[in-house]
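Worksheet for the structure shown next.
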Amino acid sequence: MSDQDAIALTRSLLAFDTVNPPGRERDCARYIGAMLETWGFRVDYHEFAEARTSVIARAGGSDAKPPLCLTGHIDVVPLGSRKWTRDPFNGETDGDRLYGRGSSDMKAGIAAILLAARSVATKLSGTPGVVLVLTAAEEGGCIGSQHLAQTRLLGRAGAMIVGEPTSNYPYVGHKGSLKFHARFRGVAAHGSMPELGENAIYKAARAVAKLEAFDFGVPPHPVMGKPTMNVGTFEGGNAVNSVPDSASIGVDIRTVTGMDHAALRAKLQALLGEEAELDLFSDMNAVWTAPENEWVQRVFQICKRRPGAAPEPRAASYNTDAGNLLKTYAGAPTVVLGPGEPQLAHQTDEYCSMERIRESVAIYEEIIRDWCGL
């Protein structure tokens with residue numbers, strides 16, 4: 001398929017099965033990296049585990065001003081239990097819709113980033129340039145970007161575009177993520193003699209009840225709204241006639257800007273007590289850039305020239321890799337902006353508007369030109 005057309009390139013990326021778990025992003029990452037190299041980019045790969053590959057590519061560069069970062073993730077979520085009416089990996093089309101797992105979240109965004117970068121690649125020498133950060137293992141905890149933030153591969157960036165699905169509407173932030181498993185220990189015994197054991201499931205159930213009534217004690221953010229908590233998994237026991245000696249729950253908290261994650265973890269530990277062993281696997285602060293920021297206003301103006309209403313401050317309820325990347329790119333103004341449809345992320349028969357994909361290429365290119373003074 002031609003890599004010169006946004007739809008064709010999106011279909012090429014959809015054909016790679018990068019469902020996470022297990023991920024297996026390597027083949028797709030190498031395909032992307034090979035293209036970028038032919039366009040003159042300097043390409044690095046990072047694998048935090050077998051076949052879990054992220055791509056970092058650069059063009060241009062200047063000591064006077066750091067590059068613009070454009071970022072997205074290569075992995076996609078599982079297909080789900082409902083049967084698809086379209087082939088999830090074949091890029092089928094119907095009218096303006098391009099179907100496939102990851103079409104909105106977010107291989108269309110990656111395709112648009114790539115083609116926008118390609119269109120200016122030969123002009124970036126001597127300018128601040130761009131850095132493309134295309135990650136593995138975003139779904140389920142942003143593990144790939146967490147590992148990247150611990151390496152020297154990211155370098156620096158002065159601003160960041162995250163190509164997650166926003167229907168090409170610029171979001172100035174998104175909620176933070178605090179995810180953990182709470183594990184509870186008990187004492188096994190025969191189910192007919194429960195008094196001889198200690199039931200770990202009862203402990204976990206009491207913990208769930210406490211979490212359901214938990215009060216964050218913070219006012220709603222004027223744009224992000226309230227923080228949220230969801231108990232998403234509950235596991236325990238191995239036989240109905242045995243007292244379970246272990247149980248665990250999985251907790252997903254979405255925070256708003258200004259919340260102290262360390263203080264929140266301490267509050268939760270105190271609530272659940274010492275018998276709860278908290279295993280934290282995602283810890284990213286909320287992402288927020290003041291809408292009055294000069295660069296954000298320039299992005300707003302670029303988006304305003306496209307069809308639709310003039311942008312006003314909005315934030316996403318979902319989380320992105322930006323939370324980890326900003327640990328390295330500290331202070332970089334960040335906008336979430338991509339062609340996908342937010343409400344279609346993770347859905348059966350996921351699709352993306354082909355018109356929006358092409359439009360996003362033009363938006364990204366104009367943002368790059370503006371940053372680099374082209």
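All residue names refer to the structure tokens as shown: chains lettered A, B, ... in order, residues numbered from 1 in each chain, ligands numbered from 1 in order.
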
field: Residue neighbourhood Val77 in chain A, 12 Å, only C-alpha atoms, exclusion window fewer than 2 positions, as a VMD selection string
entry: chain A and resid 17 to 23 73 to 75 79 to 80 88 100 to 107 136 to 141 345 to 348 350

Dump N, CA, C and O atoms for the selected residues as a CSV table (one decimal), in the first residue's frame?
```csv
chain,number,residue,atom,x,y,z
A,17,ASP,N,-1.2,-6.9,13.8
A,17,ASP,CA,-2.0,-7.3,15.0
A,17,ASP,C,-1.1,-6.9,16.2
A,17,ASP,O,-0.2,-7.6,16.5
A,18,THR,N,-1.4,-5.8,16.8
A,18,THR,CA,-0.7,-5.3,17.9
A,18,THR,C,-1.6,-5.3,19.2
A,18,THR,O,-1.5,-4.5,20.1
A,19,VAL,N,-2.6,-6.2,19.2
A,19,VAL,CA,-3.5,-6.3,20.3
A,19,VAL,C,-2.7,-6.6,21.6
A,19,VAL,O,-1.9,-7.5,21.7
A,20,ASN,N,-3.0,-5.8,22.6
A,20,ASN,CA,-2.4,-5.8,23.9
A,20,ASN,C,-3.4,-6.2,25.0
A,20,ASN,O,-4.3,-5.4,25.2
A,21,PRO,N,-3.2,-7.3,25.7
A,21,PRO,CA,-2.0,-8.2,25.6
A,21,PRO,C,-2.2,-9.2,24.4
A,21,PRO,O,-3.3,-9.3,23.9
A,22,PRO,N,-1.1,-9.7,23.8
A,22,PRO,CA,0.3,-9.6,24.3
A,22,PRO,C,1.1,-8.4,23.8
A,22,PRO,O,2.1,-8.0,24.3
A,23,GLY,N,0.6,-7.7,22.8
A,23,GLY,CA,1.2,-6.5,22.2
A,23,GLY,C,2.0,-6.8,20.9
A,23,GLY,O,1.5,-6.5,19.9
A,73,HIS,N,0.6,5.8,20.4
A,73,HIS,CA,0.9,4.4,20.7
A,73,HIS,C,0.5,3.4,19.6
A,73,HIS,O,-0.5,3.6,18.9
A,74,ILE,N,1.3,2.4,19.5
A,74,ILE,CA,1.2,1.4,18.5
A,74,ILE,C,0.2,0.3,18.8
A,74,ILE,O,-0.4,-0.3,18.0
A,75,ASP,N,0.1,0.0,20.1
A,75,ASP,CA,-0.7,-1.2,20.6
A,75,ASP,C,-2.2,-0.8,20.5
A,75,ASP,O,-2.6,0.4,20.5
A,79,LEU,N,-10.2,-7.4,21.0
A,79,LEU,CA,-11.3,-7.2,20.2
A,79,LEU,C,-12.6,-7.2,21.0
A,79,LEU,O,-13.6,-6.7,20.5
A,80,GLY,N,-12.6,-7.8,22.2
A,80,GLY,CA,-13.8,-7.9,23.0
A,80,GLY,C,-14.6,-9.1,22.7
A,80,GLY,O,-14.3,-9.9,21.8
A,88,PRO,N,-11.4,-6.8,11.6
A,88,PRO,CA,-10.8,-5.8,12.5
A,88,PRO,C,-9.4,-5.4,12.0
A,88,PRO,O,-8.8,-4.5,12.5
A,100,GLY,N,-11.7,-0.8,11.8
A,100,GLY,CA,-10.6,-1.7,12.3
A,100,GLY,C,-10.2,-1.4,13.7
A,100,GLY,O,-10.5,-0.3,14.2
A,101,ARG,N,-9.7,-2.4,14.4
A,101,ARG,CA,-9.3,-2.3,15.7
A,101,ARG,C,-8.0,-1.3,15.8
A,101,ARG,O,-7.0,-1.6,15.2
A,102,GLY,N,-8.2,-0.2,16.4
A,102,GLY,CA,-7.2,0.8,16.5
A,102,GLY,C,-7.4,1.9,15.4
A,102,GLY,O,-6.5,2.8,15.3
A,103,SER,N,-8.4,1.9,14.6
A,103,SER,CA,-8.6,2.9,13.6
A,103,SER,C,-8.8,4.3,14.3
A,103,SER,O,-8.1,5.2,13.9
A,104,SER,N,-9.6,4.4,15.3
A,104,SER,CA,-9.7,5.6,16.1
A,104,SER,C,-8.6,5.7,17.2
A,104,SER,O,-8.0,6.8,17.4
A,105,ASP,N,-8.4,4.6,17.8
A,105,ASP,CA,-7.5,4.6,19.0
A,105,ASP,C,-6.3,3.6,18.8
A,105,ASP,O,-6.3,2.5,19.2
A,106,MET,N,-5.1,4.1,18.1
A,106,MET,CA,-5.1,5.4,17.5
A,106,MET,C,-4.1,5.3,16.3
A,106,MET,O,-3.3,6.2,16.1
A,107,LYS,N,-4.3,4.3,15.4
A,107,LYS,CA,-3.4,4.1,14.3
A,107,LYS,C,-3.6,5.2,13.2
A,107,LYS,O,-2.7,5.5,12.5
A,136,ALA,N,5.1,1.5,22.6
A,136,ALA,CA,4.5,0.2,22.8
A,136,ALA,C,3.7,0.3,24.2
A,136,ALA,O,4.0,1.1,25.0
A,137,ALA,N,2.8,-0.6,24.4
A,137,ALA,CA,2.2,-0.9,25.7
A,137,ALA,C,1.6,0.3,26.4
A,137,ALA,O,1.8,0.5,27.6
A,138,GLU,N,0.9,1.1,25.6
A,138,GLU,CA,0.1,2.2,26.3
A,138,GLU,C,-1.1,1.7,26.9
A,138,GLU,O,-1.5,2.1,28.0
A,139,GLU,N,-1.8,0.8,26.2
A,139,GLU,CA,-3.1,0.3,26.8
A,139,GLU,C,-2.8,-0.5,28.1
A,139,GLU,O,-1.9,-1.4,28.1
A,140,GLY,N,-3.6,-0.2,29.1
A,140,GLY,CA,-3.4,-1.0,30.3
A,140,GLY,C,-2.4,-0.5,31.3
A,140,GLY,O,-2.1,-1.1,32.3
A,141,GLY,N,-1.9,0.8,31.1
A,141,GLY,CA,-1.0,1.3,32.1
A,141,GLY,C,0.2,2.1,31.6
A,141,GLY,O,1.0,2.6,32.4
A,345,ALA,N,-13.4,4.5,20.9
A,345,ALA,CA,-12.2,3.8,21.4
A,345,ALA,C,-12.7,2.6,22.2
A,345,ALA,O,-13.6,2.7,23.0
A,346,HIS,N,-12.1,1.5,21.9
A,346,HIS,CA,-12.3,0.2,22.6
A,346,HIS,C,-13.6,-0.4,22.2
A,346,HIS,O,-14.0,-1.5,22.8
A,347,GLN,N,-14.4,0.1,21.2
A,347,GLN,CA,-15.7,-0.4,20.9
A,347,GLN,C,-15.6,-1.5,19.8
A,347,GLN,O,-14.6,-1.5,19.0
A,348,THR,N,-16.6,-2.4,19.8
A,348,THR,CA,-16.7,-3.3,18.7
A,348,THR,C,-17.0,-2.5,17.4
A,348,THR,O,-17.7,-1.5,17.4
A,350,GLU,N,-15.1,-0.6,15.7
A,350,GLU,CA,-14.4,0.7,15.8
A,350,GLU,C,-14.1,1.2,14.4
A,350,GLU,O,-13.7,0.5,13.5
```

Neighbour list for Ser353 in chain A as a list in words, cut-off 6 Å, only C-alpha atoms, skip fewer than 3 positions in-chain: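 With the cut-off at 6 Å, the set is Asp96, Arg97 and Arg356 of chain A.
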
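Distance check against His147 in chain A using only C-alpha atoms: of A:Arg118, A:Arg265, A:His46, A:Arg24, the minimum falls on A:His46.
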
statement: For Pro342 in chain A, the closest of A:Ala239, A:Ala6, A:Ala315, A:Ala330 counting only C-alpha atoms is A:Ala315

query: Arg11 in chain A: which residues within 12 Å, counting only C-alpha atoms, same-chain residues fewer than 2 positions away excluded, as a VMD selection string?
result: chain A and resid 1 to 3 5 to 9 13 to 17 87 to 93 97 to 104 106 to 112 351 to 352 354 357

Save out the residues we just selected, N, CA and C atoms, as a short mmCIF file (atom, residue, chain, number, x, y, z; two decimals), in the first residue's frame.
```cif
data_model
loop_
_atom_site.label_atom_id
_atom_site.label_comp_id
_atom_site.auth_asym_id
_atom_site.auth_seq_id
_atom_site.Cartn_x
_atom_site.Cartn_y
_atom_site.Cartn_z
N MET A 1 0.83 -1.20 0.00
CA MET A 1 0.00 0.00 0.00
C MET A 1 0.87 1.25 0.00
N SER A 2 0.41 2.28 -0.66
CA SER A 2 1.15 3.52 -0.74
C SER A 2 1.22 4.17 0.62
N ASP A 3 2.44 4.62 0.99
CA ASP A 3 2.58 5.32 2.26
C ASP A 3 2.33 6.81 2.08
N ASP A 5 -0.56 8.16 1.10
CA ASP A 5 -1.95 8.50 1.35
C ASP A 5 -2.31 8.12 2.77
N ALA A 6 -2.96 9.04 3.48
CA ALA A 6 -3.25 8.82 4.89
C ALA A 6 -4.13 7.59 5.12
N ILE A 7 -5.07 7.36 4.23
CA ILE A 7 -5.96 6.21 4.40
C ILE A 7 -5.21 4.92 4.15
N ALA A 8 -4.41 4.89 3.08
CA ALA A 8 -3.64 3.69 2.78
C ALA A 8 -2.66 3.36 3.91
N LEU A 9 -2.02 4.39 4.47
CA LEU A 9 -1.06 4.13 5.53
C LEU A 9 -1.79 3.65 6.79
N LEU A 13 -1.15 0.06 8.79
CA LEU A 13 -0.88 -0.09 10.22
C LEU A 13 -1.93 -0.99 10.89
N LEU A 14 -3.19 -0.90 10.43
CA LEU A 14 -4.24 -1.75 10.99
C LEU A 14 -3.96 -3.23 10.73
N ALA A 15 -3.26 -3.52 9.64
CA ALA A 15 -3.00 -4.91 9.27
C ALA A 15 -2.06 -5.61 10.26
N PHE A 16 -1.30 -4.84 11.02
CA PHE A 16 -0.43 -5.43 12.04
C PHE A 16 -1.26 -5.72 13.29
N ASP A 17 -1.23 -6.95 13.75
CA ASP A 17 -1.95 -7.33 14.96
C ASP A 17 -1.11 -6.94 16.17
N ASP A 87 -13.93 -7.03 9.31
CA ASP A 87 -12.63 -7.60 9.64
C ASP A 87 -11.83 -6.55 10.41
N PRO A 88 -11.43 -6.82 11.65
CA PRO A 88 -10.77 -5.79 12.46
C PRO A 88 -9.36 -5.44 12.02
N PHE A 89 -8.79 -6.20 11.09
CA PHE A 89 -7.41 -5.95 10.67
C PHE A 89 -7.29 -5.66 9.17
N ASN A 90 -8.41 -5.53 8.47
CA ASN A 90 -8.36 -5.41 7.02
C ASN A 90 -8.63 -3.99 6.52
N GLY A 91 -8.98 -3.08 7.38
CA GLY A 91 -9.22 -1.71 6.96
C GLY A 91 -10.38 -1.57 5.99
N GLU A 92 -11.49 -2.24 6.27
CA GLU A 92 -12.66 -2.13 5.39
C GLU A 92 -13.26 -0.73 5.48
N THR A 93 -13.84 -0.27 4.38
CA THR A 93 -14.44 1.06 4.34
C THR A 93 -15.92 0.98 3.97
N ARG A 97 -16.34 5.93 6.53
CA ARG A 97 -15.83 5.19 7.68
C ARG A 97 -14.74 4.19 7.29
N LEU A 98 -13.65 4.22 8.04
CA LEU A 98 -12.58 3.23 7.92
C LEU A 98 -12.61 2.40 9.20
N TYR A 99 -12.93 1.09 9.04
CA TYR A 99 -13.12 0.21 10.18
C TYR A 99 -11.82 -0.51 10.54
N GLY A 100 -11.70 -0.85 11.81
CA GLY A 100 -10.59 -1.67 12.25
C GLY A 100 -10.24 -1.41 13.70
N ARG A 101 -9.68 -2.45 14.35
CA ARG A 101 -9.25 -2.27 15.74
C ARG A 101 -8.04 -1.33 15.76
N GLY A 102 -8.24 -0.20 16.41
CA GLY A 102 -7.20 0.82 16.46
C GLY A 102 -7.37 1.91 15.43
N SER A 103 -8.45 1.87 14.64
CA SER A 103 -8.64 2.91 13.63
C SER A 103 -8.77 4.28 14.29
N SER A 104 -9.58 4.38 15.35
CA SER A 104 -9.68 5.64 16.09
C SER A 104 -8.63 5.72 17.19
N MET A 106 -5.14 4.07 18.11
CA MET A 106 -5.06 5.36 17.48
C MET A 106 -4.13 5.32 16.28
N LYS A 107 -4.30 4.27 15.45
CA LYS A 107 -3.40 4.14 14.30
C LYS A 107 -3.65 5.19 13.23
N ALA A 108 -4.88 5.73 13.16
CA ALA A 108 -5.12 6.85 12.24
C ALA A 108 -4.29 8.06 12.68
N GLY A 109 -4.22 8.29 13.98
CA GLY A 109 -3.42 9.39 14.50
C GLY A 109 -1.95 9.21 14.19
N ILE A 110 -1.45 7.98 14.33
CA ILE A 110 -0.04 7.71 14.01
C ILE A 110 0.22 7.94 12.52
N ALA A 111 -0.68 7.45 11.67
CA ALA A 111 -0.51 7.64 10.22
C ALA A 111 -0.45 9.13 9.89
N ALA A 112 -1.31 9.92 10.50
CA ALA A 112 -1.33 11.36 10.23
C ALA A 112 -0.05 12.03 10.72
N TYR A 351 -14.34 2.51 14.19
CA TYR A 351 -14.02 3.12 12.89
C TYR A 351 -13.53 4.54 13.10
N CYS A 352 -13.01 5.13 12.03
CA CYS A 352 -12.56 6.52 12.04
C CYS A 352 -13.01 7.18 10.75
N MET A 354 -12.56 9.04 7.49
CA MET A 354 -11.43 9.23 6.58
C MET A 354 -11.17 10.71 6.30
N ILE A 357 -9.07 11.95 9.11
CA ILE A 357 -7.68 11.50 9.03
C ILE A 357 -6.89 12.44 8.12
#
```

- prompt: Using only C-alpha atoms, which of A:Ala276, A:Ala189, A:Ala51, A:Val256 sits nearest Ala205 in chain A?
  reply: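 Looking only at the distances to Ala205 in chain A, the closest residue turns out to be A:Ala276.
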
- request: Return the single residue from A:Leu124, A:Leu196, A:Val336, A:Ile302 that is closest to Thr71 in chain A, with distances computed using only C-alpha atoms.
  value: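 Of A:Leu124, A:Leu196, A:Val336, A:Ile302, the one nearest Thr71 in chain A, counting only C-alpha atoms, is A:Val336.
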
For CA of Gly158 in chain A and CA of Ala332 in chain A, the interatomic separation in Å (one decimal):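 For CA of Gly158 in chain A relative to CA of Ala332 in chain A, the distance reads 5.2 Å.
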
Extract, using only C-alpha atoms, all DNA, RNA and protein residues at most 12 Å from Pro222 in chain A, discarding same-chain residues fewer than 2 positions from it, and format them as a PDB file with N, CA and C atoms, in the first residue's frame.
```
ATOM      1  N   PRO A 219     -12.335  19.692  45.448  1.00  0.00           N
ATOM      2  CA  PRO A 219     -13.402  20.283  44.637  1.00  0.00           C
ATOM      3  C   PRO A 219     -13.254  19.890  43.174  1.00  0.00           C
ATOM      4  N   PRO A 220     -14.335  19.891  42.401  1.00  0.00           N
ATOM      5  CA  PRO A 220     -14.235  19.584  40.972  1.00  0.00           C
ATOM      6  C   PRO A 220     -13.363  20.600  40.247  1.00  0.00           C
ATOM      7  N   MET A 224     -11.891  19.631  34.041  1.00  0.00           N
ATOM      8  CA  MET A 224     -11.767  18.182  34.164  1.00  0.00           C
ATOM      9  C   MET A 224     -12.899  17.543  34.954  1.00  0.00           C
ATOM     10  N   GLY A 225     -13.538  18.316  35.822  1.00  0.00           N
ATOM     11  CA  GLY A 225     -14.587  17.753  36.654  1.00  0.00           C
ATOM     12  C   GLY A 225     -14.025  17.077  37.889  1.00  0.00           C
ATOM     13  N   LYS A 226     -14.685  16.004  38.350  1.00  0.00           N
ATOM     14  CA  LYS A 226     -14.316  15.324  39.586  1.00  0.00           C
ATOM     15  C   LYS A 226     -13.361  14.164  39.322  1.00  0.00           C
ATOM     16  N   PRO A 227     -12.524  13.820  40.316  1.00  0.00           N
ATOM     17  CA  PRO A 227     -11.774  12.566  40.213  1.00  0.00           C
ATOM     18  C   PRO A 227     -12.730  11.386  40.334  1.00  0.00           C
ATOM     19  N   VAL A 256      -7.489  14.625  39.061  1.00  0.00           N
ATOM     20  CA  VAL A 256      -7.491  15.914  38.372  1.00  0.00           C
ATOM     21  C   VAL A 256      -6.241  16.679  38.769  1.00  0.00           C
ATOM     22  N   THR A 257      -5.913  17.673  37.971  1.00  0.00           N
ATOM     23  CA  THR A 257      -4.677  18.418  38.207  1.00  0.00           C
ATOM     24  C   THR A 257      -4.675  19.041  39.601  1.00  0.00           C
ATOM     25  N   TRP A 288      -2.161  19.097  32.262  1.00  0.00           N
ATOM     26  CA  TRP A 288      -2.935  20.331  32.112  1.00  0.00           C
ATOM     27  C   TRP A 288      -2.018  21.458  31.653  1.00  0.00           C
ATOM     28  N   PRO A 313     -11.601  25.614  26.054  1.00  0.00           N
ATOM     29  CA  PRO A 313     -10.865  24.626  26.863  1.00  0.00           C
ATOM     30  C   PRO A 313     -11.674  23.364  27.156  1.00  0.00           C
ATOM     31  N   ARG A 314     -11.087  22.229  26.817  1.00  0.00           N
ATOM     32  CA  ARG A 314     -11.650  20.928  27.145  1.00  0.00           C
ATOM     33  C   ARG A 314     -10.530  20.011  27.625  1.00  0.00           C
ATOM     34  N   ALA A 315     -10.910  18.976  28.358  1.00  0.00           N
ATOM     35  CA  ALA A 315      -9.952  17.967  28.809  1.00  0.00           C
ATOM     36  C   ALA A 315     -10.555  16.589  28.586  1.00  0.00           C
TER      37      ALA A 315
END
```

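The residue set within 10 Å of Tyr318 in chain A, counting only C-alpha atoms and dropping same-chain residues fewer than 4 places from it, reads Glu164, Gly173, His174, Lys175, Gly176, Ser177, Arg254 and Pro342 of chain A.
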
Output file for the selection above: C-alpha atoms, as a compact mmCIF listing (two decimals), in the first residue's frame:
```txt
# COMPACT_ATOMS: atom_id res chain seq x y z
CA GLU A 164 -5.16 10.30 20.73
CA GLY A 173 -5.34 18.26 29.30
CA HIS A 174 -6.53 14.94 30.63
CA LYS A 175 -6.98 13.22 33.96
CA GLY A 176 -4.18 11.46 35.79
CA SER A 177 -3.96 7.74 36.47
CA ARG A 254 -8.51 9.07 37.59
CA PRO A 342 -13.25 9.33 21.45
```

query: In terms of the shortest atom-to-atom distance over only C-alpha atoms, which of A:Leu70, A:Leu278, A:Met259, A:Ala316 is closest to Gly217 in chain A?
result: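 Closest candidate: A:Met259.
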
field: Backbone-only DSSP, alpha helix (DSSP H) members of range 179-221 of chain A, as an MDAnalysis selection string
entry: chainID A and resid 200:212

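The shortest atom-to-atom distance to Val243 in chain A, with only C-alpha atoms taken into account, belongs to A:Ala188 out of A:Ala188, A:Ile161, A:Ala34, A:Cys142.
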
task: Compile the contact shell of Pro333 in chain A as a PyMOL selection string: residues with an atom at most 9 Å away, counting only C-alpha atoms, same-chain residues fewer than 5 positions apart removed.
output: chain A and resi 158-161+172+288-290+293+295-296

Test item, strand (DSSP E) assignment across range 83-152 of chain A, answer as a PyMOL selection string: chain A and resi 93-94+97-99+130-135

Could you please take those selected residues and save N, CA and C atoms as a PDB file, in the first residue's frame?
```
ATOM      1  N   THR A  93     -13.843  -0.271   4.378  1.00  0.00           N
ATOM      2  CA  THR A  93     -14.441   1.063   4.345  1.00  0.00           C
ATOM      3  C   THR A  93     -15.916   0.981   3.973  1.00  0.00           C
ATOM      4  N   ASP A  94     -16.660   1.987   4.427  1.00  0.00           N
ATOM      5  CA  ASP A  94     -18.074   2.125   4.091  1.00  0.00           C
ATOM      6  C   ASP A  94     -18.395   3.611   4.173  1.00  0.00           C
ATOM      7  N   ARG A  97     -16.336   5.934   6.530  1.00  0.00           N
ATOM      8  CA  ARG A  97     -15.827   5.190   7.677  1.00  0.00           C
ATOM      9  C   ARG A  97     -14.739   4.186   7.288  1.00  0.00           C
ATOM     10  N   LEU A  98     -13.651   4.221   8.045  1.00  0.00           N
ATOM     11  CA  LEU A  98     -12.583   3.234   7.924  1.00  0.00           C
ATOM     12  C   LEU A  98     -12.612   2.396   9.200  1.00  0.00           C
ATOM     13  N   TYR A  99     -12.932   1.094   9.038  1.00  0.00           N
ATOM     14  CA  TYR A  99     -13.120   0.211  10.182  1.00  0.00           C
ATOM     15  C   TYR A  99     -11.824  -0.514  10.539  1.00  0.00           C
ATOM     16  N   VAL A 130      11.620  18.090  14.900  1.00  0.00           N
ATOM     17  CA  VAL A 130      10.579  17.310  15.569  1.00  0.00           C
ATOM     18  C   VAL A 130      11.183  16.034  16.126  1.00  0.00           C
ATOM     19  N   VAL A 131      10.532  15.520  17.160  1.00  0.00           N
ATOM     20  CA  VAL A 131      10.826  14.186  17.677  1.00  0.00           C
ATOM     21  C   VAL A 131       9.510  13.425  17.727  1.00  0.00           C
ATOM     22  N   LEU A 132       9.486  12.259  17.112  1.00  0.00           N
ATOM     23  CA  LEU A 132       8.308  11.396  17.108  1.00  0.00           C
ATOM     24  C   LEU A 132       8.536  10.289  18.130  1.00  0.00           C
ATOM     25  N   VAL A 133       7.605  10.144  19.057  1.00  0.00           N
ATOM     26  CA  VAL A 133       7.692   9.106  20.092  1.00  0.00           C
ATOM     27  C   VAL A 133       6.477   8.212  19.934  1.00  0.00           C
ATOM     28  N   LEU A 134       6.701   7.021  19.381  1.00  0.00           N
ATOM     29  CA  LEU A 134       5.616   6.080  19.087  1.00  0.00           C
ATOM     30  C   LEU A 134       5.831   4.858  19.971  1.00  0.00           C
ATOM     31  N   THR A 135       4.906   4.662  20.892  1.00  0.00           N
ATOM     32  CA  THR A 135       5.159   3.782  22.018  1.00  0.00           C
ATOM     33  C   THR A 135       4.483   2.428  21.916  1.00  0.00           C
TER      34      THR A 135
END
```

message: With only C-alpha atoms as the counted atoms, please give the residues lying no more than 12 Å from Tyr202 in chain A, apart from itself and same-chain residues fewer than 6 positions off, as a list in words.
response: Phe184, Arg185, Gly186, Val187, Pro194, Val208, Ala209, Phe234, Glu235, Gly236, Gly237, Val243, Pro244, Asp245, Ser246, Ala247, Ser248 and Ile249 of chain A

- prompt: When you draw a straight line from CA of Leu153 in chain A to CA of Ala262 in chain A, how long is it in Å?
  reply: 27.4 Å
